[in-house]
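K.L.:
Take a look at final_0.txt, compact mmCIF, C-alpha atoms:
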# COMPACT_ATOMS: atom_id res chain seq x y z
CA MET A 27 97.29 246.70 105.13
CA THR A 28 96.58 244.06 102.48
CA ASP A 29 98.42 240.75 102.16
CA ARG A 30 99.88 241.95 98.87
CA ASN A 31 101.30 245.11 100.45
CA MET A 32 102.72 243.12 103.37
CA THR A 33 104.36 240.69 100.93
CA ALA A 34 105.82 243.56 98.91
CA GLU A 35 107.22 245.20 102.04
CA CYS A 36 108.75 241.89 103.19
CA ASP A 37 110.31 241.41 99.74
CA ASP A 38 111.72 244.96 99.79
CA TRP A 39 113.15 244.37 103.27
CA ALA A 40 114.72 241.07 102.23
CA VAL A 41 116.27 242.55 99.08
CA GLY A 42 117.50 245.55 101.03
CA ALA A 43 119.11 243.35 103.67
CA LEU A 44 120.84 241.19 101.07
CA MET A 45 122.06 244.20 99.09
CA LYS A 46 123.81 245.84 102.05
CA ARG A 47 127.60 245.83 102.05
CA SER A 48 128.39 243.00 104.46
CA PRO A 49 130.43 239.76 104.47
CA TRP A 50 127.34 237.54 104.60
CA PHE A 51 127.78 235.92 101.18
CA ALA A 52 131.40 234.95 101.81
CA LEU A 53 130.82 233.73 105.37
CA VAL A 54 127.81 231.57 104.57
CA TRP A 55 130.01 229.20 102.55
CA LEU A 56 132.43 228.49 105.43
CA PRO A 57 130.35 225.85 107.25
CA ILE A 58 129.15 224.36 103.95
CA LEU A 59 132.66 223.78 102.62
CA LEU A 60 134.42 222.79 105.87
CA ILE A 61 131.84 220.66 107.62
CA ALA A 62 132.80 217.47 105.76
CA PRO A 63 136.62 217.63 106.24
CA VAL A 64 136.27 218.81 109.85
CA VAL A 65 133.89 215.98 110.75
CA THR A 66 136.10 213.47 108.97
CA SER A 67 139.23 214.67 110.82
CA ALA A 68 137.45 214.66 114.17
CA THR A 69 135.98 211.19 113.78
CA SER A 70 139.29 209.81 112.50
CA GLY A 71 141.26 211.20 115.41
CA ARG A 72 143.58 213.31 113.23
CA ALA A 73 144.12 216.15 115.72
CA VAL A 74 146.79 218.03 113.77
CA GLU A 75 144.64 218.06 110.65
CA LEU A 76 141.62 219.21 112.67
CA ILE A 77 143.65 222.05 114.22
CA ALA A 78 144.76 223.08 110.73
CA TYR A 79 141.15 223.29 109.55
CA VAL A 80 140.19 225.33 112.61
CA VAL A 81 143.07 227.76 112.06
CA ILE A 82 142.16 228.11 108.38
CA ALA A 83 138.51 228.72 109.28
CA ALA A 84 139.45 231.38 111.86
CA TRP A 85 141.83 233.12 109.45
CA TYR A 86 139.23 232.95 106.66
CA ILE A 87 136.71 234.74 108.90
CA LEU A 88 139.33 237.38 109.76
CA THR A 89 140.16 237.89 106.07
CA VAL A 90 136.54 238.33 105.00
CA VAL A 91 135.53 240.57 107.90
CA LEU A 92 138.66 242.68 107.48
CA SER A 93 137.66 243.36 103.87
CA TYR A 94 134.50 245.13 105.07
CA ARG A 95 136.16 247.27 107.70
CA ASP A 96 137.38 250.81 107.20
CA VAL A 97 141.00 249.80 106.71
CA PRO A 98 143.34 249.96 103.70
CA ARG A 99 142.56 247.34 101.06
CA TRP A 100 146.05 245.88 101.27
CA TYR A 101 145.26 244.57 104.77
CA GLY A 102 142.80 242.12 103.25
CA GLU A 103 145.17 241.26 100.40
CA VAL A 104 147.92 240.34 102.88
CA ALA A 105 145.39 238.24 104.77
CA VAL A 106 144.61 236.36 101.53
CA ILE A 107 148.33 235.62 101.05
CA VAL A 108 148.55 234.25 104.61
CA LEU A 109 145.42 232.17 104.02
CA THR A 110 146.97 230.74 100.84
CA VAL A 111 150.08 229.75 102.79
CA LEU A 112 147.90 228.04 105.43
CA VAL A 113 146.03 226.08 102.75
CA VAL A 114 149.33 224.95 101.18
CA LEU A 115 150.67 223.88 104.59
CA GLN A 116 147.51 221.93 105.27
CA PHE A 117 147.94 220.11 101.97
CA VAL A 118 151.53 219.28 102.88
CA ILE A 119 150.42 217.98 106.29
CA SER A 120 147.43 215.89 105.27
CA GLY A 121 147.44 215.69 101.47
CA SER A 122 143.64 215.95 101.40
CA GLY A 123 140.77 218.44 101.62
CA GLN A 124 141.85 220.60 98.69
CA SER A 125 138.52 220.22 96.89
CA PHE A 126 136.95 222.07 99.84
CA LEU A 127 139.71 224.53 100.67
CA TYR A 128 140.46 225.92 97.20
CA PRO A 129 136.88 227.11 96.59
CA LEU A 130 137.05 228.73 100.03
CA LEU A 131 140.34 230.39 99.08
CA ALA A 132 138.84 231.63 95.79
CA ILE A 133 135.93 233.17 97.70
CA ALA A 134 138.34 234.94 100.07
CA ALA A 135 140.35 236.29 97.11
CA ALA A 136 137.21 237.55 95.36
CA THR A 137 136.13 239.27 98.58
CA ALA A 138 139.38 240.86 99.79
CA ILE A 139 141.40 241.71 96.67
CA ARG A 140 140.84 244.90 94.67
CA PHE A 141 138.27 244.67 91.89
CA ARG A 142 140.65 244.91 88.94
CA TYR A 143 142.90 242.14 90.28
CA ALA A 144 140.38 239.77 91.88
CA PRO A 145 139.24 237.88 88.72
CA GLY A 146 142.83 237.19 87.68
CA VAL A 147 143.76 235.91 91.13
CA VAL A 148 140.67 233.68 91.25
CA MET A 149 141.51 232.17 87.86
CA ALA A 150 145.16 231.64 88.85
CA LEU A 151 144.16 229.87 92.08
CA SER A 152 141.62 227.72 90.24
CA ILE A 153 144.03 226.68 87.51
CA SER A 154 146.90 225.95 89.92
CA GLY A 155 144.59 224.00 92.19
CA ALA A 156 143.14 222.02 89.28
CA VAL A 157 146.62 221.14 88.02
CA THR A 158 147.68 220.05 91.51
CA GLU A 159 144.53 217.96 91.90
CA GLY A 160 145.10 216.38 88.50
CA PHE A 161 148.64 215.29 89.34
CA GLU A 162 147.58 214.12 92.79
CA SER A 163 144.60 212.04 91.68
CA LEU A 164 145.76 211.26 88.12
CA SER A 165 142.18 211.99 87.05
CA LEU A 166 141.25 214.58 84.41
CA SER A 167 137.61 214.62 85.49
CA SER A 168 138.60 215.34 89.10
CA ALA A 169 140.89 218.16 87.98
CA LEU A 170 138.19 219.73 85.79
CA LEU A 171 135.57 219.41 88.53
CA PHE A 172 138.00 220.95 91.02
CA GLY A 173 138.76 223.90 88.71
CA PHE A 174 135.07 224.42 87.88
CA ALA A 175 134.08 224.49 91.56
CA SER A 176 136.84 226.97 92.40
CA VAL A 177 136.03 229.28 89.46
CA MET A 178 132.30 229.24 90.20
CA ALA A 179 132.84 229.91 93.91
CA GLY A 180 135.24 232.80 93.29
CA MET A 181 133.51 234.46 90.34
CA SER A 182 130.02 234.23 91.85
CA THR A 183 131.37 235.93 94.96
CA TYR A 184 133.06 238.56 92.80
CA LEU A 185 129.83 239.26 90.90
CA ILE A 186 127.78 239.47 94.10
CA ARG A 187 130.34 241.88 95.55
CA TYR A 188 130.25 243.98 92.38
CA LEU A 189 126.45 244.02 92.37
CA ILE A 190 126.22 245.04 96.03
CA ASP A 191 128.78 247.84 95.57
CA THR A 192 126.93 249.04 92.46
CA VAL A 193 123.62 249.08 94.33
CA SER A 194 125.29 251.00 97.17
CA ASP A 195 126.63 253.58 94.72
CA LEU A 196 123.22 253.89 93.06
CA ARG A 197 121.55 254.47 96.41
CA ALA A 198 124.10 257.16 97.27
CA THR A 199 123.51 258.76 93.87
CA ARG A 200 119.76 258.64 94.39
CA ARG A 201 120.13 260.39 97.74
CA ARG A 202 122.29 263.09 96.14
CA LEU A 203 119.79 263.55 93.30
CA ALA A 204 116.95 263.80 95.80
CA GLY A 205 118.88 266.52 97.65
CA LEU A 206 119.51 268.38 94.39
CA ALA A 207 115.83 268.12 93.46
CA VAL A 208 114.83 269.61 96.80
CA ALA A 209 117.34 272.46 96.37
CA GLU A 210 116.13 273.13 92.83
CA GLU A 211 112.51 273.17 93.96
CA ARG A 212 113.36 275.61 96.76
CA GLN A 213 115.13 277.83 94.25
CA ARG A 214 112.14 277.72 91.90
CA PHE A 215 109.74 278.52 94.71
CA SER A 216 111.93 281.38 95.93
CA ARG A 217 112.20 282.80 92.41
CA ASP A 218 108.44 282.57 91.82
CA LEU A 219 107.67 284.28 95.13
CA HIS A 220 110.17 287.04 94.33
CA ASP A 221 108.70 287.60 90.87
CA LEU A 222 105.15 287.48 92.17
CA LEU A 223 105.25 289.43 95.42
CA GLY A 224 107.82 291.97 94.24
CA HIS A 225 105.52 293.09 91.46
CA THR A 226 102.35 292.93 93.55
CA LEU A 227 103.78 294.94 96.43
CA SER A 228 105.16 297.55 94.03
CA VAL A 229 101.70 297.99 92.48
CA ILE A 230 100.14 298.33 95.94
CA VAL A 231 102.72 300.95 96.92
CA VAL A 232 102.04 302.92 93.72
CA LYS A 233 98.28 302.88 94.30
CA ALA A 234 98.74 303.81 97.96
CA GLU A 235 100.86 306.80 96.89
CA ALA A 236 98.14 307.82 94.44
CA ILE A 237 95.58 307.64 97.24
CA ARG A 238 97.78 309.82 99.42
CA ARG A 239 98.17 312.40 96.65
CA LEU A 240 94.46 312.48 95.82
CA ALA A 241 93.00 312.08 99.31
CA ALA A 242 92.23 315.78 99.73
CA SER A 243 91.18 316.62 96.18
CA ASP A 244 89.53 313.67 94.43
CA SER A 245 87.58 311.27 96.62
CA ASP A 246 86.22 309.35 93.63
CA ALA A 247 89.77 308.59 92.41
CA VAL A 248 90.69 307.53 95.96
CA VAL A 249 87.81 305.01 95.94
CA ILE A 250 88.92 303.69 92.55
CA HIS A 251 92.52 303.24 93.69
CA ALA A 252 91.40 301.64 96.96
CA ARG A 253 89.29 299.19 95.00
CA GLY A 254 92.32 298.57 92.82
CA ILE A 255 94.42 297.72 95.90
CA GLU A 256 91.72 295.29 96.98
CA ASP A 257 91.67 293.65 93.55
CA VAL A 258 95.46 293.40 93.43
CA GLY A 259 95.48 291.83 96.90
CA ARG A 260 92.88 289.25 95.90
CA THR A 261 94.75 288.43 92.71
CA ALA A 262 98.03 288.15 94.62
CA LEU A 263 96.41 285.77 97.12
CA ALA A 264 95.18 283.55 94.29
CA ASP A 265 98.59 283.70 92.61
CA VAL A 266 100.35 282.70 95.83
CA ARG A 267 98.03 279.72 96.20
CA GLN A 268 98.69 278.69 92.61
CA THR A 269 102.44 279.13 93.07
CA VAL A 270 102.38 276.94 96.17
CA ALA A 271 100.45 274.34 94.15
CA GLY A 272 103.18 274.49 91.53
CA TYR A 273 101.07 275.03 88.42
CA ARG A 274 100.98 278.79 88.07
CA GLU A 275 101.37 280.16 84.52
CA LEU A 276 101.08 283.84 83.65
CA GLN A 277 99.43 285.22 80.52
CA LEU A 278 101.15 287.99 78.55
CA GLU A 279 97.99 289.87 77.70
CA HIS A 280 96.94 290.00 81.35
CA GLU A 281 100.39 291.11 82.50
CA LEU A 282 100.59 293.83 79.84
CA ALA A 283 97.23 295.26 80.95
CA GLY A 284 98.29 295.20 84.59
CA ALA A 285 101.66 296.80 83.77
CA ILE A 286 100.04 299.65 81.82
CA GLU A 287 97.60 300.31 84.67
CA ALA A 288 100.36 300.30 87.30
CA MET A 289 102.64 302.61 85.27
CA THR A 290 99.76 304.96 84.55
CA ASP A 291 99.02 305.19 88.26
CA ALA A 292 102.70 306.00 88.81
CA GLU A 293 102.52 308.72 86.12
CA VAL A 294 104.77 306.77 83.75
CA SER A 295 103.81 307.00 80.08
CA ALA A 296 103.46 303.43 78.76
CA GLU A 297 103.54 302.26 75.16
CA THR A 298 103.07 298.67 74.00
CA SER A 299 103.01 296.81 70.71
CA SER A 300 99.54 296.58 69.24
CA PRO A 301 98.29 294.07 68.41
CA THR A 302 100.31 291.53 70.39
CA PRO A 303 101.61 288.81 68.04
CA SER A 304 100.48 285.24 68.50
CA LEU A 305 103.01 283.33 70.62
CA SER A 306 103.42 279.75 71.74
CA PRO A 307 102.26 279.04 75.32
CA LYS A 308 105.85 278.60 76.48
CA VAL A 309 107.00 281.94 75.04
CA ASP A 310 103.80 283.70 76.13
CA SER A 311 104.39 282.62 79.75
CA LEU A 312 108.06 283.62 79.58
CA PHE A 313 107.31 287.09 78.18
CA ALA A 314 104.58 287.53 80.81
CA TRP A 315 107.16 286.93 83.57
CA VAL A 316 109.55 289.35 81.85
CA VAL A 317 106.88 292.07 81.69
CA ARG A 318 106.00 291.55 85.34
CA GLU A 319 109.60 291.68 86.60
CA ALA A 320 110.78 294.47 84.28
CA THR A 321 107.86 296.82 84.97
CA THR A 322 108.25 296.16 88.68
CA ASN A 323 111.79 297.47 88.48
CA VAL A 324 110.66 300.43 86.37
CA LEU A 325 108.29 301.39 89.16
CA ARG A 326 110.69 300.65 91.96
CA HIS A 327 114.10 301.84 90.78
CA SER A 328 114.18 303.70 87.48
CA HIS A 329 112.42 307.04 88.22
CA ALA A 330 111.41 306.90 84.56
CA THR A 331 108.65 308.95 82.90
CA ARG A 332 108.31 306.77 79.81
CA CYS A 333 108.42 303.03 79.19
CA THR A 334 107.93 301.11 75.95
CA VAL A 335 107.21 297.41 75.50
CA ARG A 336 107.77 296.05 72.00
CA ILE A 337 107.03 292.44 71.07
CA THR A 338 107.98 291.08 67.65
CA SER A 339 107.65 287.66 66.08
CA ASP A 340 109.06 286.37 62.79
CA ASP A 341 110.53 283.23 61.26
CA ALA A 342 113.74 283.63 63.30
CA GLY A 343 111.97 283.74 66.65
CA ASP A 344 110.18 285.92 69.20
CA THR A 345 111.58 288.99 70.95
CA ILE A 346 110.40 291.29 73.72
CA GLU A 347 112.14 294.61 74.41
CA ILE A 348 111.32 296.76 77.42
CA ALA A 349 112.98 300.18 77.57
CA ASP A 350 112.62 303.18 79.87
CA ASN A 351 114.20 306.63 80.10
CA GLY A 352 115.20 306.37 83.75
CA HIS A 353 118.67 306.52 85.27
CA GLY A 354 119.48 302.85 84.62
CA ALA A 355 119.92 300.16 87.22
CA VAL A 356 122.76 298.81 89.32
CA ALA A 357 123.55 295.18 90.01
CA ALA A 358 122.17 295.30 93.54
CA GLU A 359 118.75 296.33 92.19
CA TRP A 360 118.65 293.48 89.66
CA GLY A 361 120.19 290.63 91.67
CA SER A 362 117.39 288.09 92.17
CA GLY A 363 115.16 289.40 89.41
CA ILE A 364 117.70 289.25 86.63
CA ARG A 365 118.87 285.79 87.68
CA GLY A 366 115.30 284.52 87.67
CA MET A 367 114.62 285.90 84.20
CA ARG A 368 117.89 284.52 82.84
CA GLU A 369 117.02 281.08 84.17
CA ARG A 370 113.53 281.23 82.66
CA ALA A 371 114.87 282.42 79.31
CA SER A 372 117.56 279.73 79.31
CA ARG A 373 115.03 276.97 80.01
CA ALA A 374 112.99 278.20 77.03
CA GLY A 375 116.13 278.15 74.84
CA GLY A 376 116.38 281.94 74.72
CA THR A 377 118.77 284.68 75.77
CA LEU A 378 118.54 287.83 77.87
CA ASP A 379 120.47 291.04 77.10
CA ILE A 380 120.71 294.26 79.10
CA ALA A 381 121.78 297.79 78.19
CA SER A 382 121.93 300.23 81.10
CA ASP A 383 123.32 303.75 81.27
CA ALA A 384 122.33 307.27 82.34
CA ARG A 385 119.89 307.54 79.42
CA GLY A 386 117.82 304.59 80.53
CA PHE A 387 117.53 300.86 80.76
CA THR A 388 116.72 298.35 78.01
CA LEU A 389 115.96 294.68 78.55
CA THR A 390 115.72 292.29 75.59
CA VAL A 391 114.70 288.65 75.70
CA SER A 392 114.87 286.62 72.48
CA VAL A 393 113.66 283.08 71.91
CA PRO A 394 114.61 281.52 68.56
CA THR A 395 112.13 279.43 66.65
CA GLU A 396 112.68 275.72 67.29
CA GLY A 397 114.93 274.31 64.59
CA SER A 398 116.30 277.70 63.49
CA THR A 399 120.04 278.41 63.50
CA THR A 400 121.71 281.57 64.65
Reformat the file's structure so that it appears as structure tokens.
P.N.:
Amino acid sequence: MTDRNMTAECDDWAVGALMKRSPWFALVWLPILLIAPVVTSATSGRAVELIAYVVIAAWYILTVVLSYRDVPRWYGEVAVIVLTVLVVLQFVISGSGQSFLYPLLAIAAATAIRFRYAPGVVMALSISGAVTEGFESLSLSSALLFGFASVMAGMSTYLIRYLIDTVSDLRATRRRLAGLAVAEERQRFSRDLHDLLGHTLSVIVVKAEAIRRLAASDSDAVVIHARGIEDVGRTALADVRQTVAGYRELQLEHELAGAIEAMTDAEVSAETSSPTPSLSPKVDSLFAWVVREATTNVLRHSHATRCTVRITSDDAGDTIEIADNGHGAVAAEWGSGIRGMRERASRAGGTLDIASDARGFTLTVSVPTEGSTT
């Protein structure tokens, strides 16, 4: 591991640690703000004042920590009220230390009070404290410095809290999006395998049935069909590898040729548009998947004797229509296949329509030209 990588990992760890929801930012100011008044009280022998500072420090820690526990928010807000009362009592007892305690109180308010109320409370505490300091010291500069310190302490804490909560929400959202991406990829992979292997296995079954029919009468045809099964198996193996790699795209011309061959082997009369119109790569791939899935279902479910594939292209868009004279199809037969084709058509901006009855089954997929209106 290089020094640069180690530095980057250390930086990521440090940022991650600081961005976790914890009371670290509020607690780190406690010793900074109280060390001077506590030392002064201890060295001066003012025991009551020292006890007051210790009680305030303990209650401040409780208030901040309580805000990050799984308890109702109002617990922390009540703790802030109690802390405010303790600060006021300390001022009454000693008449000093407010320049340290009010910033601490503003930090506690920014930490424990609900987001929409915290800025207002911080400003109110800062203004009231500044006014009190001004009357006590009869110094405008002291009052302004007091108010500035309180506002900066409270609002910086509020912004840090807001930032950390936002980062936490973003991380949760990223985890959810990652989970959705995995689910979507699984769905895509499942759909591709269904479209691929369903068609391939149907073709193999058709050729195997042809071999069985011709085994006793036409050995040359048996050899041809056996070679066809071998070719289909090799093609399917390559297609599976490409699907796993995630870059598999079908070609309409290739799928039409394969569909005609498979339907001919199954003694289904096949008619296709000739010549095939020129299509965009996106539409060509979509129509290739439609031909593959639709002809698979013709072979598997329809018991048809005739199937026509018509492809048209004009200024309005591109359309493929596949119709057979079978007995139609039921929902159970078209569950995964029809959903997969609808999803593919929708991603290409097109629509899928079905007409199914006792006279046959017709599937139509239309993709409008980009920029055209319907």
K.L.:
Counting all atoms listed in the file, what is within 7 Å of Leu278 in chain A, bar same-chain residues fewer than 6 positions away, as a PyMOL selection string?
P.N.:
chain A and resi 310-311+313-314
K.L.:
So which one's closest to Leu378 in chain A, A:Ser165, A:Thr192, A:Ser392, A:Ser295? Using only C-alpha atoms, please.
P.N.:
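Answer, going by the shortest atom-to-atom distance: A:Ser392.
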K.L.:
In Å, how far is it from CA of Arg95 in chain A to CA of Asp191 in chain A?
P.N.:
14.2 Å
K.L.:
Between A:Ala247, A:Ala320, A:Val258, A:Ala52, which residue has the minimum interatomic distance to Leu185 in chain A, considering all atoms listed in the file?
P.N.:
A:Ala52
K.L.:
If we count all atoms listed in the file, what is near range 296-307 of chain A at a cut-off of 9 Å, once residues fewer than 6 positions away on the same chain are taken out, given as a list in words?
P.N.:
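Near neighbours after the sequence-gap exclusion: Gln277, Leu278, Glu279, Leu282, Ala285, Ile286, Glu287, Met289, Thr290, Thr331, Arg332, Cys333, Thr334, Val335, Arg336, Ile337, Thr338, Ser339 and Asp344 of chain A.
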K.L.:
Excluding range 143-149 of chain A and its own-chain neighbours fewer than 6 positions away, which residues fall within 10 Å of it when counting all atoms listed in the file? Please give them as a PDB file with C-alpha atoms, keeping the file's coordinate frame.
P.N.:
ATOM      1  CA  GLU A 103     145.170 241.260 100.400  1.00  0.00           C
ATOM      2  CA  TYR A 128     140.460 225.920  97.200  1.00  0.00           C
ATOM      3  CA  PRO A 129     136.880 227.110  96.590  1.00  0.00           C
ATOM      4  CA  LEU A 131     140.340 230.390  99.080  1.00  0.00           C
ATOM      5  CA  ALA A 132     138.840 231.630  95.790  1.00  0.00           C
ATOM      6  CA  ILE A 133     135.930 233.170  97.700  1.00  0.00           C
ATOM      7  CA  ALA A 134     138.340 234.940 100.070  1.00  0.00           C
ATOM      8  CA  ALA A 135     140.350 236.290  97.110  1.00  0.00           C
ATOM      9  CA  ALA A 136     137.210 237.550  95.360  1.00  0.00           C
ATOM     10  CA  THR A 137     136.130 239.270  98.580  1.00  0.00           C
ATOM     11  CA  GLY A 155     144.590 224.000  92.190  1.00  0.00           C
ATOM     12  CA  GLY A 173     138.760 223.900  88.710  1.00  0.00           C
ATOM     13  CA  SER A 176     136.840 226.970  92.400  1.00  0.00           C
ATOM     14  CA  VAL A 177     136.030 229.280  89.460  1.00  0.00           C
ATOM     15  CA  MET A 178     132.300 229.240  90.200  1.00  0.00           C
ATOM     16  CA  ALA A 179     132.840 229.910  93.910  1.00  0.00           C
ATOM     17  CA  GLY A 180     135.240 232.800  93.290  1.00  0.00           C
ATOM     18  CA  MET A 181     133.510 234.460  90.340  1.00  0.00           C
ATOM     19  CA  TYR A 184     133.060 238.560  92.800  1.00  0.00           C
ATOM     20  CA  LEU A 185     129.830 239.260  90.900  1.00  0.00           C
TER      21      LEU A 185
END
K.L.:
My list of candidates is A:Asp291, A:Ala371, A:Ala283, A:Asp340. Which is closest to Val316 in chain A when distances are computed with all atoms listed in the file?
P.N.:
A:Ala371
K.L.:
So that I can check the surroundings of Leu112 in chain A, please list as an MDAnalysis selection string every protein, DNA and RNA residue that reaches within 12 Å of it, counting all atoms listed in the file and ignoring chain neighbours fewer than 4 positions away.
P.N.:
chainID A and resid 75 77:86 105:108 116:119 124 127:128 131
K.L.:
Keeping C-alpha atoms for every residue in the selection just given, could you write it to a file as a short mmCIF file (atom, residue, chain, number, x, y, z; two decimals), in the frame of the given file?
P.N.:
data_model
loop_
_atom_site.label_atom_id
_atom_site.label_comp_id
_atom_site.auth_asym_id
_atom_site.auth_seq_id
_atom_site.Cartn_x
_atom_site.Cartn_y
_atom_site.Cartn_z
CA GLU A 75 144.64 218.06 110.65
CA ILE A 77 143.65 222.05 114.22
CA ALA A 78 144.76 223.08 110.73
CA TYR A 79 141.15 223.29 109.55
CA VAL A 80 140.19 225.33 112.61
CA VAL A 81 143.07 227.76 112.06
CA ILE A 82 142.16 228.11 108.38
CA ALA A 83 138.51 228.72 109.28
CA ALA A 84 139.45 231.38 111.86
CA TRP A 85 141.83 233.12 109.45
CA TYR A 86 139.23 232.95 106.66
CA ALA A 105 145.39 238.24 104.77
CA VAL A 106 144.61 236.36 101.53
CA ILE A 107 148.33 235.62 101.05
CA VAL A 108 148.55 234.25 104.61
CA GLN A 116 147.51 221.93 105.27
CA PHE A 117 147.94 220.11 101.97
CA VAL A 118 151.53 219.28 102.88
CA ILE A 119 150.42 217.98 106.29
CA GLN A 124 141.85 220.60 98.69
CA LEU A 127 139.71 224.53 100.67
CA TYR A 128 140.46 225.92 97.20
CA LEU A 131 140.34 230.39 99.08
#
K.L.:
From the set A:Arg140, A:Arg238, A:His353, A:Arg368, which residue has the shortest atom-to-atom contact distance to Asp383 in chain A, counting all atoms listed in the file?
P.N.:
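Ranking A:Arg140, A:Arg238, A:His353, A:Arg368 by distance to Asp383 in chain A, first place goes to A:His353.
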K.L.:
Given the choices A:Ser216, A:Ile139, A:Ala292, A:Asp195, which gets closest to Lys233 in chain A if the distance is worked out from all atoms listed in the file?
P.N.:
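Checking each candidate against Lys233 in chain A, we get A:Ala292 as the closest.
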K.L.:
Identify, on the basis of only C-alpha atoms, every residue whose closest approach to Ala374 in chain A does not exceed 10 Å; exclude the query and any residue fewer than 3 positions from it along the same chain; express the result as a list in words.
P.N.:
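Once the nearby chain positions are removed, what remains is Lys308, Val309, Leu312, Arg368, Glu369, Arg370, Ala371, Thr377, Ser392, Val393 and Pro394 of chain A.
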